[in-house]
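One structure is given below, encoded as C-alpha cells.
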Amino acid sequence: MAENSKQIKLADRRHPYYEDNVDMWEMYYDAVKGGDNFVNDSYLFSHMLEDEDSYDDRLSRAYYLNFCETVVNIYNFYIFRENIERPPDQRLIDFRKNANGRGDHISKVIRDIGYWSLVYGVVHVLVDVPRVGNGKRISRRDAKKKGIHPYCKLIYPTRLVDWSVDDVGKFNWVLIKEDYFDDSDPFKERSTYKHYRLITKEMWRVEDEDGNLVKYPDGSPAEGENKLGIVPVITVYHRESDKDKIGESLLKDIVYVNRAIMNWCSCIDEQIERHTFSQLVVPDAGELAEAQETGDDPLYKIGTSTIWTFPANANHPPRFISPDTTNIRTIWNLILDHAKEIFRMAGLLGSTGDLYVSRSGRAAQIGFQGVNAALAEKASTYQMCENEISKLVLMYLDEDVESYEEVKYPSTFDVASLSEEIDSLFRVMEKNFSATLNKMIQKNIARRAVPLAPESIRKQIEDEIDSSSGVVEQTKRERKGSTEDGNPNTNLGETFRSYEDVYREEVQHRTSEKEQE
C-alpha cells in the first residue's frame, strides 16, 4: 500500500483527460485568435505541385477568414443585447461592479466566460478572496471596512491540469497551473515561474515546479484552510460530454472547415499570383530565336509601348490569351457554400435549406425557432454560471444564501425578424389610424431597439415621441417599373441568393446584351 501511495510533486500531475484534449484546446484557441496563431505551417498545407521555396512564398501571402471568432461573437451579441434581470441585492453591489477584481462589471465577466466556454467546450471559474483574507469567510462589514471583496477568475481548461470528482460530479480537489512574474523591482531582471495551486475541500496550497511551498514576498507561506468546505470552482460547459469536466466545443467541426477555407483561399491566391496577367502570343518563323543568338533580345522588347514587326504571311496576328478561371470559380463556390455550412453547424441557421434558396414565411419561422433554441440554451448556461458565482460570493461574505434571488437571462431572441417587424409596423403607422396608436408602436420599437439604454435616455426618447404629432408620412419606392408604398430599404428577397444564382444571372445578362448587339 505504501508503494502505491508514493507522494509526487504537484508539477508532475496531469489528468488523463487533460493529456487527451490539450492539443485540441490549443487549436481552438489558435482558430479564434487568428493572425499568426493560425496562419502558419501547422494549419496551411503544402500541395504536390510546389517546392519548399514556393510554399514559403505562399505562406507569406496567406490570410485567414476567421469564421470561428465570428460565430462565437454572434452568440454573445444577441444574448447581451437583451435585458438581463438582476434583482437588487445590497450584498452584491460591490461585487457586481468589480466582479474580477480588475474593475469589470459582472456582465463583461460572464460574457468572457461564455465566450471561452463556446471556444473550448468547457471553462472553470474560481471564486476567491484576496490573500489578506487568508481564505477565511469575511463579513460584509469587514469587506466594506478593509476593502476585501470576493472576486472570480476565469480558468481555461489548459490551466486546470488535474482534478478529482465525487460520485455526483463535484470537485474533490483541483490543481491549477499559474504563471508568476517576479518583476516588482524595476532594477532587477524579471523572473518567470510556474506555480501550481492545489485546492481541496479542507485546504489550499501553492507549490513551485520543484515541489517547494511558495512563500509570499512578506515571507508568509502560500497555504491555508478552506473553511467553505467545498472547492469554490464552477464548471461552465458549452455542451457536456461523457467525460468528467470535459466539454464539447462549438468549434469541434467548424475549425476544420475554416482551416480548409484558408487553404482554398491560399490556392486561389497562388493562381492569381501566377496568372494575373494575360500572356502575349506572337507568330514566329524562327527569326526571334536567330536574333537572340546574335545577342539581341527581341522578347524583352516586345510590349505595349514597343514597335515591332511580325511575318507578313502569318496566319494568326499577335494576341493576348487569358488564363482559365474555371478552377478559381469552382474553389470560390466551395468557399461560399462551406462558409454557409459553418453558420448551420453553429446553430445560427435553421436547416440546410436556408443556405441556398429564399425561404417562405413558414420556413423562415422554423429556422428562427432553431436559432432561438440555440441562443436560449446558451443563455440558460450563462444564467446558471452567474447565479452559482453569486452564491459563492455570499458564502465568502458569510451571508444567507437562501435569501438570494436568482438572476434571469432572456429565453427568447428576436434575431432576424426585428427589422422585418419594424417594416410591418411602419406600414401600420403609415395608415394613421390613430396618433396615440402610432406613438405606442414607436415606444415599443424604441424599447426593443435599445433594451439596455439607461432609464434617463429611455425617458428622453419617449418624451420626444409624446411631443410629436404621431403622424407618419408614407414613402414611395420604385421597383421594376412600379411604385409601391413602404420601406424603400427592404431587399430581403435577395438575402439568400447563392453565388451560383448570382453568376447565372450575370451570364444571362451578358448573353442578353450580346444578342441585342
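Going by the C-alpha cells order, chains are called A, B, ..., each with residues numbered from 1, while ligands are numbered from 1 in the order shown.
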
- Distance query Asn40 in chain A at most 10 Å, only C-alpha atoms, self and fewer than 2 positions along chain excluded, as a PyMOL selection string: chain A and resi 35-38+42-45+56+59-60+62-63

Residues of range 63-206 of chain A in strand (DSSP E), written as JSON, numbers by chain
{"A": [122, 123, 124, 125, 126, 127, 128, 151, 152, 153, 154, 155, 160, 161, 162, 163, 164, 165, 171, 172, 173, 174, 175, 176, 177, 178, 179, 180, 181, 182, 191, 192, 193, 194, 195, 196, 197, 198, 199, 200, 203, 204, 205, 206]}

Exercise: range 195-197 of chain A partners within 9 Å, only C-alpha atoms, chain neighbours under 2 positions left out, as a PDB file with all heavy atoms, in the first residue's frame:
```pdb
ATOM      1  N   LEU A  10       3.346  18.272  -7.216  1.00  0.00           N
ATOM      2  CA  LEU A  10       2.142  18.751  -7.898  1.00  0.00           C
ATOM      3  C   LEU A  10       2.447  19.081  -9.358  1.00  0.00           C
ATOM      4  O   LEU A  10       1.597  18.889 -10.234  1.00  0.00           O
ATOM      5  CB  LEU A  10       1.599  19.996  -7.187  1.00  0.00           C
ATOM      6  CG  LEU A  10       1.070  19.798  -5.763  1.00  0.00           C
ATOM      7  CD1 LEU A  10       0.557  21.130  -5.210  1.00  0.00           C
ATOM      8  CD2 LEU A  10      -0.030  18.751  -5.716  1.00  0.00           C
ATOM      9  N   ALA A  11       3.645  19.567  -9.632  1.00  0.00           N
ATOM     10  CA  ALA A  11       4.011  19.943 -11.001  1.00  0.00           C
ATOM     11  C   ALA A  11       4.017  18.751 -11.946  1.00  0.00           C
ATOM     12  O   ALA A  11       3.910  18.920 -13.162  1.00  0.00           O
ATOM     13  CB  ALA A  11       5.380  20.619 -11.015  1.00  0.00           C
ATOM     14  N   VAL A 174      -8.807  20.375  -7.010  1.00  0.00           N
ATOM     15  CA  VAL A 174      -8.366  20.844  -8.326  1.00  0.00           C
ATOM     16  C   VAL A 174      -6.917  21.276  -8.228  1.00  0.00           C
ATOM     17  O   VAL A 174      -6.436  21.697  -7.166  1.00  0.00           O
ATOM     18  CB  VAL A 174      -9.224  22.013  -8.852  1.00  0.00           C
ATOM     19  CG1 VAL A 174     -10.671  21.585  -9.053  1.00  0.00           C
ATOM     20  CG2 VAL A 174      -9.149  23.218  -7.917  1.00  0.00           C
ATOM     21  N   LEU A 175      -6.212  21.184  -9.345  1.00  0.00           N
ATOM     22  CA  LEU A 175      -4.824  21.633  -9.444  1.00  0.00           C
ATOM     23  C   LEU A 175      -4.729  22.592 -10.633  1.00  0.00           C
ATOM     24  O   LEU A 175      -4.965  22.195 -11.784  1.00  0.00           O
ATOM     25  CB  LEU A 175      -3.878  20.451  -9.635  1.00  0.00           C
ATOM     26  CG  LEU A 175      -2.386  20.791  -9.733  1.00  0.00           C
ATOM     27  CD1 LEU A 175      -1.903  21.482  -8.464  1.00  0.00           C
ATOM     28  CD2 LEU A 175      -1.563  19.532 -10.001  1.00  0.00           C
ATOM     29  N   ILE A 176      -4.375  23.839 -10.345  1.00  0.00           N
ATOM     30  CA  ILE A 176      -4.375  24.899 -11.354  1.00  0.00           C
ATOM     31  C   ILE A 176      -2.943  25.364 -11.600  1.00  0.00           C
ATOM     32  O   ILE A 176      -2.218  25.707 -10.654  1.00  0.00           O
ATOM     33  CB  ILE A 176      -5.242  26.089 -10.900  1.00  0.00           C
ATOM     34  CG1 ILE A 176      -6.675  25.629 -10.622  1.00  0.00           C
ATOM     35  CG2 ILE A 176      -5.228  27.195 -11.950  1.00  0.00           C
ATOM     36  CD1 ILE A 176      -7.518  26.677  -9.920  1.00  0.00           C
ATOM     37  N   LYS A 177      -2.537  25.378 -12.857  1.00  0.00           N
ATOM     38  CA  LYS A 177      -1.208  25.878 -13.232  1.00  0.00           C
ATOM     39  C   LYS A 177      -1.292  27.386 -13.466  1.00  0.00           C
ATOM     40  O   LYS A 177      -2.167  27.862 -14.205  1.00  0.00           O
ATOM     41  CB  LYS A 177      -0.705  25.169 -14.489  1.00  0.00           C
ATOM     42  CG  LYS A 177       0.662  25.627 -14.946  1.00  0.00           C
ATOM     43  CD  LYS A 177       1.163  24.778 -16.117  1.00  0.00           C
ATOM     44  CE  LYS A 177       0.324  24.985 -17.352  1.00  0.00           C
ATOM     45  NZ  LYS A 177       0.871  24.286 -18.543  1.00  0.00           N
ATOM     46  N   GLU A 178      -0.370  28.135 -12.850  1.00  0.00           N
ATOM     47  CA  GLU A 178      -0.375  29.588 -12.956  1.00  0.00           C
ATOM     48  C   GLU A 178       1.015  30.094 -13.320  1.00  0.00           C
ATOM     49  O   GLU A 178       2.024  29.515 -12.912  1.00  0.00           O
ATOM     50  CB  GLU A 178      -0.801  30.225 -11.626  1.00  0.00           C
ATOM     51  CG  GLU A 178      -2.179  29.787 -11.150  1.00  0.00           C
ATOM     52  CD  GLU A 178      -2.489  30.280  -9.739  1.00  0.00           C
ATOM     53  OE1 GLU A 178      -1.525  30.467  -8.964  1.00  0.00           O
ATOM     54  OE2 GLU A 178      -3.668  30.473  -9.423  1.00  0.00           O
ATOM     55  N   ASP A 179       1.060  31.165 -14.109  1.00  0.00           N
ATOM     56  CA  ASP A 179       2.324  31.838 -14.414  1.00  0.00           C
ATOM     57  C   ASP A 179       2.536  32.952 -13.398  1.00  0.00           C
ATOM     58  O   ASP A 179       1.624  33.749 -13.136  1.00  0.00           O
ATOM     59  CB  ASP A 179       2.302  32.430 -15.824  1.00  0.00           C
ATOM     60  CG  ASP A 179       2.287  31.358 -16.894  1.00  0.00           C
ATOM     61  OD1 ASP A 179       2.915  30.309 -16.686  1.00  0.00           O
ATOM     62  OD2 ASP A 179       1.624  31.566 -17.926  1.00  0.00           O
ATOM     63  N   TYR A 180       3.715  32.995 -12.829  1.00  0.00           N
ATOM     64  CA  TYR A 180       4.040  34.034 -11.842  1.00  0.00           C
ATOM     65  C   TYR A 180       5.252  34.818 -12.329  1.00  0.00           C
ATOM     66  O   TYR A 180       6.278  34.238 -12.700  1.00  0.00           O
ATOM     67  CB  TYR A 180       4.340  33.408 -10.479  1.00  0.00           C
ATOM     68  CG  TYR A 180       4.835  34.412  -9.459  1.00  0.00           C
ATOM     69  CD1 TYR A 180       3.971  35.349  -8.910  1.00  0.00           C
ATOM     70  CD2 TYR A 180       6.173  34.427  -9.067  1.00  0.00           C
ATOM     71  CE1 TYR A 180       4.418  36.282  -7.989  1.00  0.00           C
ATOM     72  CE2 TYR A 180       6.636  35.355  -8.146  1.00  0.00           C
ATOM     73  CZ  TYR A 180       5.750  36.276  -7.607  1.00  0.00           C
ATOM     74  OH  TYR A 180       6.200  37.209  -6.712  1.00  0.00           O
ATOM     75  N   TYR A 193       8.044  32.132 -13.321  1.00  0.00           N
ATOM     76  CA  TYR A 193       7.937  30.842 -12.647  1.00  0.00           C
ATOM     77  C   TYR A 193       6.585  30.201 -12.963  1.00  0.00           C
ATOM     78  O   TYR A 193       5.624  30.878 -13.332  1.00  0.00           O
ATOM     79  CB  TYR A 193       8.059  31.001 -11.132  1.00  0.00           C
ATOM     80  CG  TYR A 193       9.315  31.709 -10.670  1.00  0.00           C
ATOM     81  CD1 TYR A 193       9.285  33.066 -10.375  1.00  0.00           C
ATOM     82  CD2 TYR A 193      10.506  31.019 -10.527  1.00  0.00           C
ATOM     83  CE1 TYR A 193      10.444  33.726  -9.937  1.00  0.00           C
ATOM     84  CE2 TYR A 193      11.663  31.664 -10.092  1.00  0.00           C
ATOM     85  CZ  TYR A 193      11.618  33.018  -9.805  1.00  0.00           C
ATOM     86  OH  TYR A 193      12.759  33.657  -9.393  1.00  0.00           O
ATOM     87  N   ILE A 199      -6.327  23.115  -4.508  1.00  0.00           N
ATOM     88  CA  ILE A 199      -7.463  23.485  -3.663  1.00  0.00           C
ATOM     89  C   ILE A 199      -8.277  22.222  -3.381  1.00  0.00           C
ATOM     90  O   ILE A 199      -8.746  21.557  -4.313  1.00  0.00           O
ATOM     91  CB  ILE A 199      -8.366  24.543  -4.327  1.00  0.00           C
ATOM     92  CG1 ILE A 199      -7.553  25.770  -4.747  1.00  0.00           C
ATOM     93  CG2 ILE A 199      -9.506  24.946  -3.395  1.00  0.00           C
ATOM     94  CD1 ILE A 199      -8.354  26.787  -5.538  1.00  0.00           C
ATOM     95  N   TRP A 204      -5.809  24.702   1.016  1.00  0.00           N
ATOM     96  CA  TRP A 204      -5.233  25.134  -0.255  1.00  0.00           C
ATOM     97  C   TRP A 204      -3.748  25.389  -0.042  1.00  0.00           C
ATOM     98  O   TRP A 204      -3.317  25.738   1.053  1.00  0.00           O
ATOM     99  CB  TRP A 204      -5.918  26.383  -0.797  1.00  0.00           C
ATOM    100  CG  TRP A 204      -5.740  27.595   0.084  1.00  0.00           C
ATOM    101  CD1 TRP A 204      -6.530  27.981   1.126  1.00  0.00           C
ATOM    102  CD2 TRP A 204      -4.692  28.571   0.002  1.00  0.00           C
ATOM    103  NE1 TRP A 204      -6.059  29.126   1.716  1.00  0.00           N
ATOM    104  CE2 TRP A 204      -4.930  29.517   1.040  1.00  0.00           C
ATOM    105  CE3 TRP A 204      -3.592  28.742  -0.831  1.00  0.00           C
ATOM    106  CZ2 TRP A 204      -4.100  30.611   1.263  1.00  0.00           C
ATOM    107  CZ3 TRP A 204      -2.754  29.840  -0.614  1.00  0.00           C
ATOM    108  CH2 TRP A 204      -3.015  30.760   0.418  1.00  0.00           C
ATOM    109  N   ARG A 205      -2.945  25.215  -1.078  1.00  0.00           N
ATOM    110  CA  ARG A 205      -1.523  25.497  -1.023  1.00  0.00           C
ATOM    111  C   ARG A 205      -0.996  25.731  -2.429  1.00  0.00           C
ATOM    112  O   ARG A 205      -1.606  25.308  -3.420  1.00  0.00           O
ATOM    113  CB  ARG A 205      -0.743  24.370  -0.338  1.00  0.00           C
ATOM    114  CG  ARG A 205      -0.737  23.055  -1.096  1.00  0.00           C
ATOM    115  CD  ARG A 205       0.023  21.973  -0.328  1.00  0.00           C
ATOM    116  NE  ARG A 205       1.469  22.058  -0.528  1.00  0.00           N
ATOM    117  CZ  ARG A 205       2.353  22.181   0.446  1.00  0.00           C
ATOM    118  NH1 ARG A 205       1.954  22.272   1.705  1.00  0.00           N
ATOM    119  NH2 ARG A 205       3.651  22.230   0.184  1.00  0.00           N
ATOM    120  N   VAL A 206       0.139  26.417  -2.512  1.00  0.00           N
ATOM    121  CA  VAL A 206       0.761  26.727  -3.797  1.00  0.00           C
ATOM    122  C   VAL A 206       2.198  26.223  -3.764  1.00  0.00           C
ATOM    123  O   VAL A 206       2.963  26.575  -2.854  1.00  0.00           O
ATOM    124  CB  VAL A 206       0.734  28.237  -4.095  1.00  0.00           C
ATOM    125  CG1 VAL A 206       1.338  28.505  -5.477  1.00  0.00           C
ATOM    126  CG2 VAL A 206      -0.679  28.789  -4.021  1.00  0.00           C
ATOM    127  N   GLU A 207       2.568  25.411  -4.755  1.00  0.00           N
ATOM    128  CA  GLU A 207       3.930  24.892  -4.866  1.00  0.00           C
ATOM    129  C   GLU A 207       4.578  25.403  -6.136  1.00  0.00           C
ATOM    130  O   GLU A 207       3.887  25.749  -7.115  1.00  0.00           O
ATOM    131  CB  GLU A 207       3.926  23.356  -4.889  1.00  0.00           C
ATOM    132  CG  GLU A 207       3.563  22.697  -3.582  1.00  0.00           C
ATOM    133  CD  GLU A 207       3.713  21.179  -3.651  1.00  0.00           C
ATOM    134  OE1 GLU A 207       4.166  20.681  -4.716  1.00  0.00           O
ATOM    135  OE2 GLU A 207       3.380  20.495  -2.664  1.00  0.00           O
ATOM    136  N   ASP A 208       5.929  25.410  -6.147  1.00  0.00           N
ATOM    137  CA  ASP A 208       6.646  25.739  -7.368  1.00  0.00           C
ATOM    138  C   ASP A 208       6.934  24.464  -8.157  1.00  0.00           C
ATOM    139  O   ASP A 208       6.471  23.380  -7.788  1.00  0.00           O
ATOM    140  CB  ASP A 208       7.931  26.505  -7.059  1.00  0.00           C
ATOM    141  CG  ASP A 208       8.899  25.699  -6.187  1.00  0.00           C
ATOM    142  OD1 ASP A 208       8.771  24.457  -6.130  1.00  0.00           O
ATOM    143  OD2 ASP A 208       9.784  26.320  -5.564  1.00  0.00           O
ATOM    144  N   GLU A 209       7.688  24.589  -9.226  1.00  0.00           N
ATOM    145  CA  GLU A 209       7.937  23.435 -10.096  1.00  0.00           C
ATOM    146  C   GLU A 209       8.766  22.354  -9.415  1.00  0.00           C
ATOM    147  O   GLU A 209       8.735  21.194  -9.826  1.00  0.00           O
ATOM    148  CB  GLU A 209       8.639  23.905 -11.373  1.00  0.00           C
ATOM    149  CG  GLU A 209       7.764  24.766 -12.265  1.00  0.00           C
ATOM    150  CD  GLU A 209       8.459  25.176 -13.551  1.00  0.00           C
ATOM    151  OE1 GLU A 209       9.229  26.168 -13.509  1.00  0.00           O
ATOM    152  OE2 GLU A 209       8.242  24.511 -14.588  1.00  0.00           O
ATOM    153  N   GLY A 211       8.329  21.458  -6.302  1.00  0.00           N
ATOM    154  CA  GLY A 211       7.558  20.877  -5.218  1.00  0.00           C
ATOM    155  C   GLY A 211       7.708  21.598  -3.894  1.00  0.00           C
ATOM    156  O   GLY A 211       7.228  21.112  -2.861  1.00  0.00           O
ATOM    157  N   VAL A 214       5.462  27.673  -1.943  1.00  0.00           N
ATOM    158  CA  VAL A 214       5.748  29.056  -2.326  1.00  0.00           C
ATOM    159  C   VAL A 214       5.545  29.966  -1.119  1.00  0.00           C
ATOM    160  O   VAL A 214       4.648  29.752  -0.298  1.00  0.00           O
ATOM    161  CB  VAL A 214       4.818  29.478  -3.484  1.00  0.00           C
ATOM    162  CG1 VAL A 214       4.919  30.976  -3.741  1.00  0.00           C
ATOM    163  CG2 VAL A 214       5.165  28.702  -4.742  1.00  0.00           C
TER     164      VAL A 214
END
```

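Distances to Ile272 in chain A were evaluated for A:Val71, A:Val257, A:Lys378, A:Ser322 using only C-alpha atoms, and the minimum falls at A:Ser322.
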
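Put simply, CA of Gln7 in chain A is 17.3 Å away from CA of Val161 in chain A.
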
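Those residues that approach range 112-119 of chain A to within 6 Å, counting only C-alpha atoms, are A:Tyr237, A:His238, A:Ser249, A:Leu250; same-chain residues fewer than 6 positions away are not listed.
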
Limited to N, CA, C and O atoms, could you put the picked residues into a file as a PDB file, in the first residue's frame?
```
ATOM      1  N   TYR A 237     -20.039  24.697 -19.188  1.00  0.00           N
ATOM      2  CA  TYR A 237     -19.920  23.940 -20.439  1.00  0.00           C
ATOM      3  C   TYR A 237     -20.591  24.681 -21.589  1.00  0.00           C
ATOM      4  O   TYR A 237     -21.558  25.433 -21.385  1.00  0.00           O
ATOM      5  N   HIS A 238     -20.091  24.433 -22.781  1.00  0.00           N
ATOM      6  CA  HIS A 238     -20.922  24.692 -23.964  1.00  0.00           C
ATOM      7  C   HIS A 238     -21.882  23.527 -24.131  1.00  0.00           C
ATOM      8  O   HIS A 238     -23.095  23.705 -24.259  1.00  0.00           O
ATOM      9  N   SER A 249     -16.836  21.505 -27.722  1.00  0.00           N
ATOM     10  CA  SER A 249     -16.724  22.867 -28.223  1.00  0.00           C
ATOM     11  C   SER A 249     -17.700  23.143 -29.365  1.00  0.00           C
ATOM     12  O   SER A 249     -18.034  22.251 -30.151  1.00  0.00           O
ATOM     13  N   LEU A 250     -18.139  24.396 -29.443  1.00  0.00           N
ATOM     14  CA  LEU A 250     -18.922  24.833 -30.602  1.00  0.00           C
ATOM     15  C   LEU A 250     -18.110  24.684 -31.883  1.00  0.00           C
ATOM     16  O   LEU A 250     -18.656  24.486 -32.970  1.00  0.00           O
TER      17      LEU A 250
END
```

Using only C-alpha atoms, the shortest atom-to-atom distance to Gly169 in chain A among A:Leu228, A:Glu189, A:Asp242, A:Phe320 belongs to A:Asp242

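Minimum atom-to-atom distances from A:Leu336, A:Asp53, A:Lys9, A:Glu462 to Leu213 in chain A were compared using only C-alpha atoms, and the lowest value belongs to A:Lys9.
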
Review point. Leaving out Ala379 in chain A and any residue of its chain fewer than 4 positions from it, which residues lie within 7 Å of it when counting only C-alpha atoms, given as a ChimeraX atom specification?
Key: /A:79,375,383,409-411

Written file, previous selection with C-alpha atoms, as a CSV table (one decimal), in the first residue's frame:
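The result, stored in part-v1.csv:
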```
chain,number,residue,atom,x,y,z
A,79,ILE,CA,-27.7,37.3,-25.6
A,375,LEU,CA,-29.4,31.0,-28.1
A,383,GLN,CA,-27.7,32.3,-16.0
A,409,TYR,CA,-31.3,35.8,-18.6
A,410,PRO,CA,-33.5,36.1,-21.7
A,411,SER,CA,-35.1,32.9,-23.1
```

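Proximity of A:Arg159, A:His316, A:Arg190, A:Lys215 to His15 in chain A, computed with only C-alpha atoms, is greatest for A:Arg159.
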